[in-house]
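Colleague: File follows, upload37.pdb with PDB, C-alpha atoms:
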```
ATOM      1  CA  MET Y   1      -9.327 -32.034   4.631  1.00  0.00           C
ATOM      2  CA  LYS Y   2      -7.320 -29.094   3.333  1.00  0.00           C
ATOM      3  CA  GLY Y   3      -5.287 -26.913   5.641  1.00  0.00           C
ATOM      4  CA  ILE Y   4      -4.972 -23.147   5.468  1.00  0.00           C
ATOM      5  CA  PHE Y   5      -2.017 -21.458   3.799  1.00  0.00           C
ATOM      6  CA  VAL Y   6      -1.012 -18.078   5.255  1.00  0.00           C
ATOM      7  CA  THR Y   7       1.969 -16.131   3.966  1.00  0.00           C
ATOM      8  CA  MET Y   8       3.674 -13.114   5.495  1.00  0.00           C
ATOM      9  CA  GLU Y   9       5.347 -10.464   3.365  1.00  0.00           C
ATOM     10  CA  GLY Y  10       7.204  -7.225   3.922  1.00  0.00           C
ATOM     11  CA  CYS Y  11      10.222  -5.194   2.935  1.00  0.00           C
ATOM     12  CA  GLU Y  12      13.616  -5.816   4.523  1.00  0.00           C
ATOM     13  CA  GLY Y  13      13.537  -4.828   8.190  1.00  0.00           C
ATOM     14  CA  SER Y  14       9.749  -4.836   8.449  1.00  0.00           C
ATOM     15  CA  GLY Y  15       9.894  -7.184  11.445  1.00  0.00           C
ATOM     16  CA  LYS Y  16       8.648 -10.406   9.870  1.00  0.00           C
ATOM     17  CA  SER Y  17      10.914 -12.644  11.934  1.00  0.00           C
ATOM     18  CA  THR Y  18       9.769 -11.057  15.177  1.00  0.00           C
ATOM     19  CA  GLN Y  19       6.110 -11.179  14.246  1.00  0.00           C
ATOM     20  CA  LEU Y  20       6.315 -14.790  13.110  1.00  0.00           C
ATOM     21  CA  ARG Y  21       7.911 -15.712  16.431  1.00  0.00           C
ATOM     22  CA  LEU Y  22       5.183 -13.903  18.373  1.00  0.00           C
ATOM     23  CA  LEU Y  23       2.513 -15.527  16.208  1.00  0.00           C
ATOM     24  CA  ALA Y  24       4.011 -18.968  16.862  1.00  0.00           C
ATOM     25  CA  GLU Y  25       3.832 -18.297  20.599  1.00  0.00           C
ATOM     26  CA  ARG Y  26       0.133 -17.401  20.354  1.00  0.00           C
ATOM     27  CA  LEU Y  27      -0.646 -20.415  18.185  1.00  0.00           C
ATOM     28  CA  ASP Y  28       1.148 -22.663  20.679  1.00  0.00           C
ATOM     29  CA  GLY Y  29      -0.836 -21.107  23.513  1.00  0.00           C
ATOM     30  CA  ALA Y  30      -4.080 -21.687  21.647  1.00  0.00           C
ATOM     31  CA  GLY Y  31      -3.203 -25.326  20.942  1.00  0.00           C
ATOM     32  CA  ILE Y  32      -3.466 -24.868  17.174  1.00  0.00           C
ATOM     33  CA  LYS Y  33      -1.683 -27.351  14.916  1.00  0.00           C
ATOM     34  CA  TYR Y  34       0.590 -25.505  12.498  1.00  0.00           C
ATOM     35  CA  ILE Y  35       3.974 -25.457  10.822  1.00  0.00           C
ATOM     36  CA  MET Y  36       6.171 -22.395  10.377  1.00  0.00           C
ATOM     37  CA  THR Y  37       8.381 -22.322   7.290  1.00  0.00           C
ATOM     38  CA  ARG Y  38      10.151 -19.845   5.025  1.00  0.00           C
ATOM     39  CA  GLU Y  39      11.184 -18.922   1.497  1.00  0.00           C
ATOM     40  CA  PRO Y  40      13.589 -19.213  -0.035  1.00  0.00           C
ATOM     41  CA  GLY Y  41      14.288 -22.311   1.981  1.00  0.00           C
ATOM     42  CA  GLY Y  42      12.123 -24.519   4.154  1.00  0.00           C
ATOM     43  CA  SER Y  43      13.624 -27.782   2.913  1.00  0.00           C
ATOM     44  CA  GLU Y  44      17.181 -29.064   2.527  1.00  0.00           C
ATOM     45  CA  ILE Y  45      17.546 -28.420  -1.197  1.00  0.00           C
ATOM     46  CA  ALA Y  46      15.702 -25.107  -1.048  1.00  0.00           C
ATOM     47  CA  GLU Y  47      17.942 -23.949   1.806  1.00  0.00           C
ATOM     48  CA  ARG Y  48      20.999 -24.640  -0.344  1.00  0.00           C
ATOM     49  CA  ILE Y  49      19.486 -22.529  -3.108  1.00  0.00           C
ATOM     50  CA  ARG Y  50      18.829 -19.799  -0.527  1.00  0.00           C
ATOM     51  CA  GLU Y  51      22.532 -19.683   0.319  1.00  0.00           C
ATOM     52  CA  ILE Y  52      23.386 -19.050  -3.329  1.00  0.00           C
ATOM     53  CA  ILE Y  53      20.740 -16.345  -3.749  1.00  0.00           C
ATOM     54  CA  LEU Y  54      21.647 -14.351  -0.644  1.00  0.00           C
ATOM     55  CA  ASP Y  55      25.433 -14.785  -0.719  1.00  0.00           C
ATOM     56  CA  GLY Y  56      26.870 -11.269  -0.819  1.00  0.00           C
ATOM     57  CA  LYS Y  57      29.732 -12.511  -3.005  1.00  0.00           C
ATOM     58  CA  ASN Y  58      27.401 -13.412  -5.887  1.00  0.00           C
ATOM     59  CA  THR Y  59      27.253  -9.874  -7.283  1.00  0.00           C
ATOM     60  CA  ALA Y  60      27.444 -11.110 -10.887  1.00  0.00           C
ATOM     61  CA  MET Y  61      24.122 -12.958 -10.646  1.00  0.00           C
ATOM     62  CA  CYS Y  62      21.777 -11.696 -13.372  1.00  0.00           C
ATOM     63  CA  ASP Y  63      18.180 -10.797 -12.579  1.00  0.00           C
ATOM     64  CA  GLU Y  64      16.699 -13.680 -14.551  1.00  0.00           C
ATOM     65  CA  CYS Y  65      18.929 -16.197 -12.775  1.00  0.00           C
ATOM     66  CA  GLU Y  66      17.855 -14.760  -9.419  1.00  0.00           C
ATOM     67  CA  ALA Y  67      14.176 -15.038 -10.310  1.00  0.00           C
ATOM     68  CA  LEU Y  68      14.557 -18.600 -11.580  1.00  0.00           C
ATOM     69  CA  LEU Y  69      16.443 -19.666  -8.448  1.00  0.00           C
ATOM     70  CA  TYR Y  70      13.641 -18.322  -6.269  1.00  0.00           C
ATOM     71  CA  ALA Y  71      11.095 -20.208  -8.400  1.00  0.00           C
ATOM     72  CA  ALA Y  72      13.120 -23.429  -8.236  1.00  0.00           C
ATOM     73  CA  ALA Y  73      13.474 -23.238  -4.457  1.00  0.00           C
ATOM     74  CA  ARG Y  74       9.741 -22.552  -4.214  1.00  0.00           C
ATOM     75  CA  VAL Y  75       8.672 -25.649  -6.151  1.00  0.00           C
ATOM     76  CA  GLN Y  76      10.960 -27.872  -4.079  1.00  0.00           C
ATOM     77  CA  HIS Y  77       9.657 -26.347  -0.848  1.00  0.00           C
ATOM     78  CA  LEU Y  78       6.036 -26.726  -1.904  1.00  0.00           C
ATOM     79  CA  LYS Y  79       6.381 -30.372  -2.913  1.00  0.00           C
ATOM     80  CA  GLU Y  80       8.410 -31.386   0.138  1.00  0.00           C
ATOM     81  CA  VAL Y  81       6.825 -29.323   2.901  1.00  0.00           C
ATOM     82  CA  VAL Y  82       3.822 -27.116   2.168  1.00  0.00           C
ATOM     83  CA  ILE Y  83       1.554 -29.303   0.056  1.00  0.00           C
ATOM     84  CA  PRO Y  84       1.917 -32.419   2.276  1.00  0.00           C
ATOM     85  CA  ALA Y  85       1.123 -30.334   5.356  1.00  0.00           C
ATOM     86  CA  LEU Y  86      -1.940 -28.776   3.739  1.00  0.00           C
ATOM     87  CA  LYS Y  87      -3.200 -32.217   2.698  1.00  0.00           C
ATOM     88  CA  GLU Y  88      -3.037 -33.230   6.352  1.00  0.00           C
ATOM     89  CA  GLY Y  89      -5.211 -30.252   7.295  1.00  0.00           C
ATOM     90  CA  THR Y  90      -2.392 -28.292   8.921  1.00  0.00           C
ATOM     91  CA  LEU Y  91      -2.205 -24.510   9.136  1.00  0.00           C
ATOM     92  CA  VAL Y  92       0.911 -23.451   7.221  1.00  0.00           C
ATOM     93  CA  ILE Y  93       2.539 -20.096   7.986  1.00  0.00           C
ATOM     94  CA  CYS Y  94       5.213 -19.116   5.465  1.00  0.00           C
ATOM     95  CA  ASP Y  95       7.745 -16.298   5.730  1.00  0.00           C
ATOM     96  CA  ARG Y  96       7.592 -14.923   2.145  1.00  0.00           C
ATOM     97  CA  TYR Y  97       6.093 -16.546  -0.932  1.00  0.00           C
ATOM     98  CA  VAL Y  98       5.399 -15.719  -4.567  1.00  0.00           C
ATOM     99  CA  ASP Y  99       4.425 -12.100  -3.820  1.00  0.00           C
ATOM    100  CA  SER Y 100       8.051 -11.491  -2.876  1.00  0.00           C
ATOM    101  CA  SER Y 101       9.081 -12.542  -6.370  1.00  0.00           C
ATOM    102  CA  LEU Y 102       6.425 -10.337  -7.932  1.00  0.00           C
ATOM    103  CA  ALA Y 103       7.575  -7.301  -5.921  1.00  0.00           C
ATOM    104  CA  TYR Y 104      11.343  -7.866  -5.917  1.00  0.00           C
ATOM    105  CA  GLN Y 105      12.001  -9.410  -9.317  1.00  0.00           C
ATOM    106  CA  GLY Y 106       8.860  -8.405 -11.189  1.00  0.00           C
ATOM    107  CA  VAL Y 107       8.786  -4.735 -10.164  1.00  0.00           C
ATOM    108  CA  ALA Y 108      12.098  -3.731  -8.562  1.00  0.00           C
ATOM    109  CA  ARG Y 109      14.239  -5.765 -10.982  1.00  0.00           C
ATOM    110  CA  GLY Y 110      12.001  -4.764 -13.888  1.00  0.00           C
ATOM    111  CA  LEU Y 111      11.371  -8.300 -15.159  1.00  0.00           C
ATOM    112  CA  GLY Y 112       7.617  -7.743 -15.205  1.00  0.00           C
ATOM    113  CA  GLU Y 113       4.757  -9.451 -13.410  1.00  0.00           C
ATOM    114  CA  GLU Y 114       3.947 -11.620 -16.441  1.00  0.00           C
ATOM    115  CA  TYR Y 115       7.428 -13.156 -16.573  1.00  0.00           C
ATOM    116  CA  VAL Y 116       7.542 -13.816 -12.838  1.00  0.00           C
ATOM    117  CA  ALA Y 117       4.029 -15.284 -12.872  1.00  0.00           C
ATOM    118  CA  GLU Y 118       5.005 -17.576 -15.759  1.00  0.00           C
ATOM    119  CA  ILE Y 119       8.036 -19.091 -14.018  1.00  0.00           C
ATOM    120  CA  ASN Y 120       5.979 -19.442 -10.828  1.00  0.00           C
ATOM    121  CA  SER Y 121       2.948 -20.933 -12.561  1.00  0.00           C
ATOM    122  CA  PHE Y 122       3.098 -24.131 -10.490  1.00  0.00           C
ATOM    123  CA  ALA Y 123       2.925 -22.190  -7.227  1.00  0.00           C
ATOM    124  CA  LEU Y 124       0.179 -19.851  -8.410  1.00  0.00           C
ATOM    125  CA  ARG Y 125      -1.883 -22.705  -9.832  1.00  0.00           C
ATOM    126  CA  GLU Y 126      -1.367 -25.454  -7.275  1.00  0.00           C
ATOM    127  CA  CYS Y 127      -0.863 -23.560  -4.038  1.00  0.00           C
ATOM    128  CA  PRO Y 128      -2.276 -20.023  -3.887  1.00  0.00           C
ATOM    129  CA  PRO Y 129      -2.281 -18.508  -0.380  1.00  0.00           C
ATOM    130  CA  ASP Y 130      -5.562 -18.267   1.490  1.00  0.00           C
ATOM    131  CA  LEU Y 131      -4.322 -15.093   3.162  1.00  0.00           C
ATOM    132  CA  THR Y 132      -1.255 -12.918   2.751  1.00  0.00           C
ATOM    133  CA  ILE Y 133      -0.281 -10.544   5.556  1.00  0.00           C
ATOM    134  CA  PHE Y 134       1.786  -7.565   4.401  1.00  0.00           C
ATOM    135  CA  LEU Y 135       3.700  -5.730   7.121  1.00  0.00           C
ATOM    136  CA  ASN Y 136       3.307  -2.182   5.937  1.00  0.00           C
ATOM    137  CA  ILE Y 137       6.259   0.051   6.735  1.00  0.00           C
ATOM    138  CA  PRO Y 138       8.311   2.103   4.222  1.00  0.00           C
ATOM    139  CA  PRO Y 139      11.885   0.876   3.616  1.00  0.00           C
ATOM    140  CA  ARG Y 140      13.563   3.983   5.031  1.00  0.00           C
ATOM    141  CA  SER Y 141      11.723   3.565   8.331  1.00  0.00           C
ATOM    142  CA  ALA Y 142      12.353  -0.185   8.357  1.00  0.00           C
ATOM    143  CA  PHE Y 143      16.110   0.106   7.808  1.00  0.00           C
ATOM    144  CA  ALA Y 144      16.350   2.886  10.400  1.00  0.00           C
ATOM    145  CA  ARG Y 145      14.651   0.591  12.889  1.00  0.00           C
ATOM    146  CA  LYS Y 146      17.104  -2.249  12.219  1.00  0.00           C
ATOM    147  CA  HIS Y 147      20.116   0.130  12.121  1.00  0.00           C
ATOM    148  CA  GLY Y 148      20.988  -0.371   8.457  1.00  0.00           C
ATOM    149  CA  ALA Y 149      21.330  -3.185   5.953  1.00  0.00           C
ATOM    150  CA  ASP Y 150      23.055  -6.511   6.626  1.00  0.00           C
ATOM    151  CA  LYS Y 151      26.455  -6.319   4.907  1.00  0.00           C
ATOM    152  CA  ASP Y 152      26.395 -10.066   4.163  1.00  0.00           C
ATOM    153  CA  ASP Y 153      22.925 -10.068   2.578  1.00  0.00           C
ATOM    154  CA  ARG Y 154      23.064  -9.416  -1.181  1.00  0.00           C
ATOM    155  CA  ILE Y 155      19.424  -8.289  -1.357  1.00  0.00           C
ATOM    156  CA  GLU Y 156      19.589  -5.931   1.609  1.00  0.00           C
ATOM    157  CA  GLN Y 157      22.644  -4.271   0.073  1.00  0.00           C
ATOM    158  CA  MET Y 158      20.754  -3.195  -3.072  1.00  0.00           C
ATOM    159  CA  GLY Y 159      20.201   0.374  -1.834  1.00  0.00           C
ATOM    160  CA  GLU Y 160      17.298   2.619  -0.888  1.00  0.00           C
ATOM    161  CA  SER Y 161      16.033   3.211  -4.434  1.00  0.00           C
ATOM    162  CA  PHE Y 162      15.706  -0.536  -5.064  1.00  0.00           C
ATOM    163  CA  HIS Y 163      13.856  -1.170  -1.815  1.00  0.00           C
ATOM    164  CA  GLU Y 164      11.490   1.733  -2.454  1.00  0.00           C
ATOM    165  CA  LYS Y 165      10.582   0.059  -5.761  1.00  0.00           C
ATOM    166  CA  VAL Y 166       9.955  -3.183  -3.853  1.00  0.00           C
ATOM    167  CA  TYR Y 167       7.643  -1.334  -1.471  1.00  0.00           C
ATOM    168  CA  GLN Y 168       5.709   0.261  -4.325  1.00  0.00           C
ATOM    169  CA  GLY Y 169       5.490  -3.164  -5.941  1.00  0.00           C
ATOM    170  CA  TYR Y 170       3.844  -4.575  -2.829  1.00  0.00           C
ATOM    171  CA  LEU Y 171       1.378  -1.684  -2.693  1.00  0.00           C
ATOM    172  CA  SER Y 172       0.379  -2.382  -6.313  1.00  0.00           C
ATOM    173  CA  LEU Y 173      -0.192  -6.059  -5.478  1.00  0.00           C
ATOM    174  CA  ILE Y 174      -2.526  -5.114  -2.617  1.00  0.00           C
ATOM    175  CA  ASP Y 175      -4.729  -3.335  -5.134  1.00  0.00           C
ATOM    176  CA  LYS Y 176      -4.844  -6.416  -7.375  1.00  0.00           C
ATOM    177  CA  TYR Y 177      -5.262  -9.280  -4.912  1.00  0.00           C
ATOM    178  CA  PRO Y 178      -7.917  -9.129  -2.161  1.00  0.00           C
ATOM    179  CA  ARG Y 179      -6.158 -11.936  -0.275  1.00  0.00           C
ATOM    180  CA  ILE Y 180      -3.347  -9.491   0.612  1.00  0.00           C
ATOM    181  CA  CYS Y 181      -4.108  -7.556   3.794  1.00  0.00           C
ATOM    182  CA  ALA Y 182      -1.823  -4.726   4.879  1.00  0.00           C
ATOM    183  CA  VAL Y 183      -1.035  -4.399   8.580  1.00  0.00           C
ATOM    184  CA  ASP Y 184       0.392  -1.099   9.798  1.00  0.00           C
ATOM    185  CA  CYS Y 185       3.492  -2.065  11.769  1.00  0.00           C
ATOM    186  CA  SER Y 186       4.712   1.414  12.706  1.00  0.00           C
ATOM    187  CA  GLY Y 187       3.719   0.845  16.342  1.00  0.00           C
ATOM    188  CA  THR Y 188       5.217  -1.451  18.954  1.00  0.00           C
ATOM    189  CA  LYS Y 189       5.901  -5.146  18.370  1.00  0.00           C
ATOM    190  CA  ALA Y 190       3.046  -6.045  20.687  1.00  0.00           C
ATOM    191  CA  GLN Y 191       0.613  -3.758  18.865  1.00  0.00           C
ATOM    192  CA  THR Y 192       1.514  -5.239  15.501  1.00  0.00           C
ATOM    193  CA  SER Y 193       1.236  -8.762  16.892  1.00  0.00           C
ATOM    194  CA  GLN Y 194      -2.266  -8.046  18.156  1.00  0.00           C
ATOM    195  CA  LYS Y 195      -3.303  -6.617  14.774  1.00  0.00           C
ATOM    196  CA  ILE Y 196      -2.101  -9.786  13.039  1.00  0.00           C
ATOM    197  CA  TRP Y 197      -3.925 -12.014  15.497  1.00  0.00           C
ATOM    198  CA  GLN Y 198      -7.127 -10.008  15.102  1.00  0.00           C
ATOM    199  CA  LEU Y 199      -6.843 -10.313  11.323  1.00  0.00           C
ATOM    200  CA  LEU Y 200      -6.603 -14.090  11.646  1.00  0.00           C
ATOM    201  CA  VAL Y 201      -9.661 -14.027  13.902  1.00  0.00           C
ATOM    202  CA  ASP Y 202     -11.605 -11.868  11.463  1.00  0.00           C
ATOM    203  CA  LYS Y 203     -10.749 -14.239   8.616  1.00  0.00           C
ATOM    204  CA  GLY Y 204     -11.923 -17.253  10.630  1.00  0.00           C
ATOM    205  CA  ILE Y 205      -8.458 -18.830  10.716  1.00  0.00           C
ATOM    206  CA  VAL Y 206      -8.201 -18.782  14.528  1.00  0.00           C
ATOM    207  CA  ARG Y 207     -10.702 -18.202  17.303  1.00  0.00           C
ATOM    208  CA  GLY Y 208     -10.688 -14.957  19.252  1.00  0.00           C
TER
END
```
Since I need it in another form, could you write the structure as structure tokens?
Modeller:
Amino acid sequence: MKGIFVTMEGCEGSGKSTQLRLLAERLDGAGIKYIMTREPGGSEIAERIREIILDGKNTAMCDECEALLYAAARVQHLKEVVIPALKEGTLVICDRYVDSSLAYQGVARGLGEEYVAEINSFALRECPPDLTIFLNIPPRSAFARKHGADKDDRIEQMGESFHEKVYQGYLSLIDKYPRICAVDCSGTKAQTSQKIWQLLVDKGIVRG
């Protein structure tokens, strides 16, 4: 029996952490077996790679190195955590996945979708998401809501122009991949949470 793989995407400050927490509470209440994980990270080695990627001191990191580190962390995470859980029939909810690399490194960094897809070929081939939820809110609104960028987060500190490119990258992916569903998260946390739950119901992942 194969489990279901759901990923959640969004620009910085879109509220992913909050929505994942609220989703976990609803899944717990419904008695649904699941695991909640994240990228980069989710396993010991991948978490160490995450520290390198996000460290605000690593300003000299080149774009290709960044993309390859994300891909390396992803493979480790998949083999250690995601794939075993899916084989057991578990619902896997992941905070970010390969679409982040396509939007951030492929589009915003200018490396191109082909390059990013190539270095993430294992993930795209062996473990494509069944559903990707994109929290749709423009970067300017998202950062205003979280009162600015985290000074210790190298990615958040990239500036408004960079994050606007990320946002446009996500919008282009929605047009290409039907599995990506945009959820308007301009309303309250509770309203967004309900929209996400209803999407999971509509897709047959949970019962209404």
Colleague: With all atoms listed in the file as the basis for distance, which of Y:Ala182, Y:Val75, Y:Leu86, Y:Leu20 is at the shortest distance from Gly42 of chain Y?
Modeller: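 So, comparing all the options, the nearest one is Y:Val75.
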Colleague: Please list as an mmCIF file with C-alpha atoms, keeping the file's coordinate frame every residue within 8 Å of His163 of chain Y, counting only C-alpha atoms and excluding residues in the same chain fewer than 5 positions away.
Modeller:
```
data_model
loop_
_atom_site.group_PDB
_atom_site.id
_atom_site.type_symbol
_atom_site.label_atom_id
_atom_site.label_comp_id
_atom_site.auth_asym_id
_atom_site.auth_seq_id
_atom_site.Cartn_x
_atom_site.Cartn_y
_atom_site.Cartn_z
ATOM 1 C CA CYS Y 11 10.222 -5.194 2.935
ATOM 2 C CA GLU Y 12 13.616 -5.816 4.523
ATOM 3 C CA ALA Y 108 12.098 -3.731 -8.562
ATOM 4 C CA PRO Y 139 11.885 0.876 3.616
ATOM 5 C CA MET Y 158 20.754 -3.195 -3.072
#
```
Colleague: In Å, how far is it from atom CA of Ala117 of chain Y to atom CA of Tyr170 of chain Y?
Modeller: 14.7 Å
Colleague: To one decimal place, how far is atom CA of Gly3 of chain Y from atom CA of Ala72 of chain Y in Å?
Modeller: 23.3 Å
Colleague: I would like the residues chosen by the PyMOL selection byres ((chain Y and resi 88) around 12) on the shown file; could you give them as a compact mmCIF listing (two decimals) with C-alpha atoms, in the coordinates of the input?
Modeller:
```txt
# COMPACT_ATOMS: atom_id res chain seq x y z
CA MET Y 1 -9.33 -32.03 4.63
CA LYS Y 2 -7.32 -29.09 3.33
CA GLY Y 3 -5.29 -26.91 5.64
CA ILE Y 4 -4.97 -23.15 5.47
CA LYS Y 33 -1.68 -27.35 14.92
CA TYR Y 34 0.59 -25.50 12.50
CA ILE Y 35 3.97 -25.46 10.82
CA VAL Y 81 6.82 -29.32 2.90
CA VAL Y 82 3.82 -27.12 2.17
CA ILE Y 83 1.55 -29.30 0.06
CA PRO Y 84 1.92 -32.42 2.28
CA ALA Y 85 1.12 -30.33 5.36
CA LEU Y 86 -1.94 -28.78 3.74
CA LYS Y 87 -3.20 -32.22 2.70
CA GLY Y 89 -5.21 -30.25 7.30
CA THR Y 90 -2.39 -28.29 8.92
CA LEU Y 91 -2.20 -24.51 9.14
CA VAL Y 92 0.91 -23.45 7.22
```
Colleague: Quick one: apply the PyMOL selection byres ((chain Y and resi 186) around 9) to the file and drop the selected residues here as a ChimeraX atom specification.
Modeller: /Y:136-137,141-142,184-185,187-189,192
Colleague: Determine, for each residue of segment 115-142 of chain Y having at least one atom at most 9 Å from an atom of segment 7-10 of chain Y, the closest pair of atoms and their separation in Å to one decimal, counting only C-alpha atoms; order by chain and ascending number, as a tab-separated table.
Modeller:
```
residue	atom	partner	partner_atom	distance
Y:Pro129	CA	Y:Thr7	CA	6.5
Y:Asp130	CA	Y:Thr7	CA	8.2
Y:Leu131	CA	Y:Thr7	CA	6.4
Y:Thr132	CA	Y:Thr7	CA	4.7
Y:Ile133	CA	Y:Met8	CA	4.7
Y:Phe134	CA	Y:Glu9	CA	4.7
Y:Leu135	CA	Y:Gly10	CA	5.0
Y:Asn136	CA	Y:Gly10	CA	6.7
Y:Ile137	CA	Y:Gly10	CA	7.9
```
Colleague: Include C-alpha atoms and write out the residues we just selected as a tab-separated table (two decimals), in the coordinates of the input.
Modeller:
```
chain	number	residue	atom	x	y	z
Y	129	PRO	CA	-2.28	-18.51	-0.38
Y	130	ASP	CA	-5.56	-18.27	1.49
Y	131	LEU	CA	-4.32	-15.09	3.16
Y	132	THR	CA	-1.25	-12.92	2.75
Y	133	ILE	CA	-0.28	-10.54	5.56
Y	134	PHE	CA	1.79	-7.56	4.40
Y	135	LEU	CA	3.70	-5.73	7.12
Y	136	ASN	CA	3.31	-2.18	5.94
Y	137	ILE	CA	6.26	0.05	6.74
```
Colleague: Run the PyMOL selection byres ((chain Y and resi 109) around 12) on the file and write out the hits as an mmCIF file with C-alpha atoms, in the coordinates of the input.
Modeller:
```cif
data_model
loop_
_atom_site.group_PDB
_atom_site.id
_atom_site.type_symbol
_atom_site.label_atom_id
_atom_site.label_comp_id
_atom_site.auth_asym_id
_atom_site.auth_seq_id
_atom_site.Cartn_x
_atom_site.Cartn_y
_atom_site.Cartn_z
ATOM 1 C CA CYS Y 62 21.777 -11.696 -13.372
ATOM 2 C CA ASP Y 63 18.180 -10.797 -12.579
ATOM 3 C CA GLU Y 64 16.699 -13.680 -14.551
ATOM 4 C CA CYS Y 65 18.929 -16.197 -12.775
ATOM 5 C CA GLU Y 66 17.855 -14.760 -9.419
ATOM 6 C CA ALA Y 67 14.176 -15.038 -10.310
ATOM 7 C CA SER Y 100 8.051 -11.491 -2.876
ATOM 8 C CA SER Y 101 9.081 -12.542 -6.370
ATOM 9 C CA LEU Y 102 6.425 -10.337 -7.932
ATOM 10 C CA ALA Y 103 7.575 -7.301 -5.921
ATOM 11 C CA TYR Y 104 11.343 -7.866 -5.917
ATOM 12 C CA GLN Y 105 12.001 -9.410 -9.317
ATOM 13 C CA GLY Y 106 8.860 -8.405 -11.189
ATOM 14 C CA VAL Y 107 8.786 -4.735 -10.164
ATOM 15 C CA ALA Y 108 12.098 -3.731 -8.562
ATOM 16 C CA GLY Y 110 12.001 -4.764 -13.888
ATOM 17 C CA LEU Y 111 11.371 -8.300 -15.159
ATOM 18 C CA GLY Y 112 7.617 -7.743 -15.205
ATOM 19 C CA GLU Y 113 4.757 -9.451 -13.410
ATOM 20 C CA TYR Y 115 7.428 -13.156 -16.573
ATOM 21 C CA VAL Y 116 7.542 -13.816 -12.838
ATOM 22 C CA ILE Y 155 19.424 -8.289 -1.357
ATOM 23 C CA MET Y 158 20.754 -3.195 -3.072
ATOM 24 C CA SER Y 161 16.033 3.211 -4.434
ATOM 25 C CA PHE Y 162 15.706 -0.536 -5.064
ATOM 26 C CA HIS Y 163 13.856 -1.170 -1.815
ATOM 27 C CA GLU Y 164 11.490 1.733 -2.454
ATOM 28 C CA LYS Y 165 10.582 0.059 -5.761
ATOM 29 C CA VAL Y 166 9.955 -3.183 -3.853
ATOM 30 C CA GLY Y 169 5.490 -3.164 -5.941
#
```
Colleague: For segment 162-181 of chain Y, take all atoms listed in the file, fit an axis-aligned box around them, add 4 Å to each of the six sides, then output centre and edge lengths in Å rounded to one decimal, as lines of an AutoDock Vina configuration file.
Modeller:
```
center_x = 3.9
center_y = -5.1
center_z = -1.8
size_x = 31.6
size_y = 21.7
size_z = 19.2
```
Colleague: Please provide the set of residues having any atom within 8 Å of Arg38 of chain Y, restricted to only C-alpha atoms, with same-chain residues fewer than 4 positions apart removed, written as a VMD selection string.
Modeller: chain Y and resid 42 94 to 97
Colleague: Which value, in Å to one decimal, gives the distance between atom CA of Ser43 of chain Y and atom CA of Arg26 of chain Y?
Modeller: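 So the two atoms, atom CA of Ser43 of chain Y and atom CA of Arg26 of chain Y, lie 24.4 Å apart.
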Colleague: Measuring between all atoms listed in the file, which one of Y:Tyr177, Y:Trp197, Y:Tyr167, Y:Tyr70 shows the shortest distance to Ser14 of chain Y?
Modeller: Y:Tyr167
Colleague: Which is closest to Cys181 of chain Y among Y:Leu200, Y:Gln194, Y:Glu160, Y:Asn58, if we use only C-alpha atoms?
Modeller: Y:Leu200
Colleague: Quick one: of Y:Glu47, Y:Thr18, Y:Leu23, Y:Val98, who's nearest to Glu118 of chain Y, counting all atoms listed in the file?
Modeller: Y:Val98
Colleague: Rank nothing, just name the residue among Y:Lys79, Y:Arg179, Y:Arg74, Y:Arg125 nearest to Glu39 of chain Y, using only C-alpha atoms.
Modeller: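 Once distances to Glu39 of chain Y are computed over only C-alpha atoms, the minimum belongs to Y:Arg74.
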Colleague: Identify, on the basis of only C-alpha atoms, every residue whose closest approach to Gly41 of chain Y does not exceed 8 Å; exclude the query and any residue fewer than 5 positions from it along the same chain; express the result as a ChimeraX atom specification.
Modeller: /Y:46-50,73-74,77
Colleague: Compare Y:Ala190, Y:Ile93, Y:Ile174, Y:Gln168 by their minimum atom-to-atom distance to Ile32 of chain Y, counting all atoms listed in the file, and give me the closest one.
Modeller: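 Once distances to Ile32 of chain Y are computed over all atoms listed in the file, the minimum belongs to Y:Ile93.
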